[in-house]
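Q: Structure below; questions to follow.
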Amino acid sequence: MPAPGKNTRPIVIMGPTASGKSALALEIAKECGGEIISADSRQVYKFLSAGTAKPQGVWTDTPDGLLYLVDGIPCHLTDILDPRASYDAVSFVSRAHKAATEITERNRTPVFAGGTGMYIQSYWNGLDDMPEGNPAIREKLQDEINRNGHRYLHARLERIDPAAAAKIPPGNTHRLIRALEVHELTGKPISSFWTSQYFAVLPTHEADFLIIEWDKDVLSDRIRERTALIFDDMVEETKALLAEGYPADCPALKSLGYPQALDFISNSADRAESIHKIVTLTRAYAKRQMTWLKRYKNVPRIRLAKPEDWNPKRIARTIL
RNA sequence: GCCGCGGUAGCUCAGUGGUAGAGCAAUGGUCUGAAAAACCAUGUGUCGUUAGUUCGAUCCUAACCCGCGGCA
């Protein structure tokens, strides 16, 4: 056990999918006596492992409670959620705060690892105080879109909240619905909740942040190799979930790649097609993640150009 | 060898006698309780080759090359 009073300043590892952030976070946790908090919207789910690149661990009874241990390192917010359950940024933030508090009380270092930029953003910069999502209102608004089109609802937003309407494209139905939902719940325009300076930087005085950047072609190769390697396991996981009675449209099975596994299982796509489709989707996802991370101009980056540059143990030692 | 069909963007294909377009991919971007979500913007071209007809050909004609199918 680490000595009391030791530095427990959090470490936050970010990067696109297949960048190796989980492996790096694990090495860092081993080096500094830390525990991992997964900032990942998919690795939370039970039974989805291959397709989410969930670090393989074992649920273990410890003096600190029942924990998911990977190589002996506790990984929080991993493998905890029923595939039918939904998860969101606020749920992540409150669970992560609880985990971070407990880790710090044990005099250990919280090591965040995550590719879900919005979760990291929400945790470190906070979310403005708005009401939580309301499934009934969302469903009603979605029905209106299905009947009248999204432009019809966007015109309504234009009337009640021109500032928000200017920022939310009519086709972005998720954000459009959210804006109208907040208005219905509070009677106030969503833009009145927004504060400025929300997206520019991360609070580097509170934690050590690090972004992993790969040469795009090398990351692309890593994605291709990983997808070929995990595809059969994804198919098995998907079959097992269906056999257990989980619906094909449950939140977990909407994770990237699983719809393609479902297509393969139902014979509407062959193996090569399915893998190719997953690789394409994963690359596009990695690109979106990198675009998101570009905003954090005050965060240090580690740039990896060649496959040989990848040595998590060594990188962990150099940054600690 | 003969007959038929085809050759246009990275891929699948549409199209017009006045030098071209859609989807996907690609590239850049957006992001406040679904974020592995949902969106926005932007190209890309010797229109198989050569010759002919024409003021003008990617489009019509011919030959040739390549691919696919059928017949031998």
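In the structure tokens, chains take letters A, B, ... by order of appearance, with residues numbered from 1 within each chain and ligands from 1 in the order shown.
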Would you give me, as a Markdown table, each residue of chain B having an atom within 10 Å of an atom of chain A, along with its shortest atom pair and that distance in Å to one decimal, using only C-alpha atoms (C1' of nucleotides) and sorting by chain and residue number?

A:
```
| residue | atom | partner | partner_atom | distance |
| --- | --- | --- | --- | --- |
| B:A25 | C1' | A:Thr280 | CA | 8.5 |
| B:G28 | C1' | A:Thr291 | CA | 9.4 |
| B:G29 | C1' | A:Thr291 | CA | 7.9 |
| B:U30 | C1' | A:Lys167 | CA | 9.1 |
| B:C31 | C1' | A:Trp292 | CA | 8.2 |
| B:U32 | C1' | A:Leu127 | CA | 5.8 |
| B:G33 | C1' | A:Glu132 | CA | 5.1 |
| B:A34 | C1' | A:Asp88 | CA | 7.1 |
| B:A35 | C1' | A:Met118 | CA | 6.4 |
| B:A36 | C1' | A:Leu256 | CA | 4.8 |
| B:A37 | C1' | A:His174 | CA | 8.1 |
| B:A38 | C1' | A:Asn172 | CA | 5.3 |
| B:C39 | C1' | A:Asn172 | CA | 4.8 |
| B:C40 | C1' | A:Pro169 | CA | 7.5 |
```

Q: Check segment 35-250 of chain A with DSSP on the backbone and list each residue it calls alpha helix (DSSP H), as a PyMOL selection string.

A: chain A and resi 89-105+117-125+135-148+150-160+162-167+173-186+216-243

Q: Name the residues of segment 163-275 of chain A that fall into strand (DSSP E) according to DSSP on the backbone, using the chain letters and numbers of this document, as a list of chain:residue names.

A: A:Asp208, A:Phe209, A:Leu210, A:Ile211, A:Ile212, A:Glu213, A:Trp214

Q: Counting only C-alpha atoms (C1' of nucleotides), what is within 8 Å of Ser22 of chain A, bar same-chain residues fewer than 2 positions away, as a list in words?

A: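 So the residues in contact are Gly20, Leu24, Ala25, Leu26, Pro55, Ala113 and Gly114 of chain A.
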
Q: Excluding A26 of chain B and its own-chain neighbours fewer than 3 positions away, which residues fall within 12 Å of it when counting only C-alpha atoms (C1' of nucleotides)? Please give them as a PyMOL selection string.

A: (chain A and resi 280+283-284+287) or (chain B and resi 9-11+42-44)

Q: Calculate how many Å separate atom CA of Lys306 of chain A from atom CA of Trp214 of chain A, rounding to one decimal.

A: 8.1 Å

Q: Rounded to one decimal place, report the atom CA of Trp59 of chain A-atom CA of Leu210 of chain A distance in Å.

A: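 According to the coordinates, atom CA of Trp59 of chain A and atom CA of Leu210 of chain A are separated by 28.4 Å.
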
Q: With distances taken over only C-alpha atoms (C1' of nucleotides), which of B:A41, B:C55, B:C47, B:C71 is nearest to G18 of chain B?

A: B:C55

Q: Report the distance between atom CA of Ala155 of chain A and atom CA of Gln142 of chain A in Å, rounded to one decimal place.

A: 14.9 Å

Q: Can you pull out every residue within 12 Å of segment 263-276 of chain A, counting only C-alpha atoms (C1' of nucleotides), but drop anything in the same chain fewer than 5 positions away, and send it as a ChimeraX atom specification?

A: /A:51,223-232,234-240,242,248,253,256-258,281-283 /B:25

Q: List the neighbours of C68 of chain B out to 12 Å using only C-alpha atoms (C1' of nucleotides); skip same-chain residues closer than 4 positions along the sequence, and give me the result as a compact mmCIF listing (two decimals) with C-alpha atoms (C1' of nucleotides), in the first residue's frame.

A:
```
# COMPACT_ATOMS: atom_id res chain seq x y z
C1' G B 4 -24.12 -9.74 -77.00
C1' C B 5 -23.29 -6.27 -73.02
C1' G B 6 -20.09 -2.96 -70.78
C1' G B 7 -15.43 0.56 -70.08
```

Q: Taking 3 positions as the minimum chain separation for residues in the same chain, which residues sit within 7 Å of Gly33 of chain A when counting only C-alpha atoms (C1' of nucleotides)? Answer as number ranges by chain.

A: A: 2, 29-30, 108-109
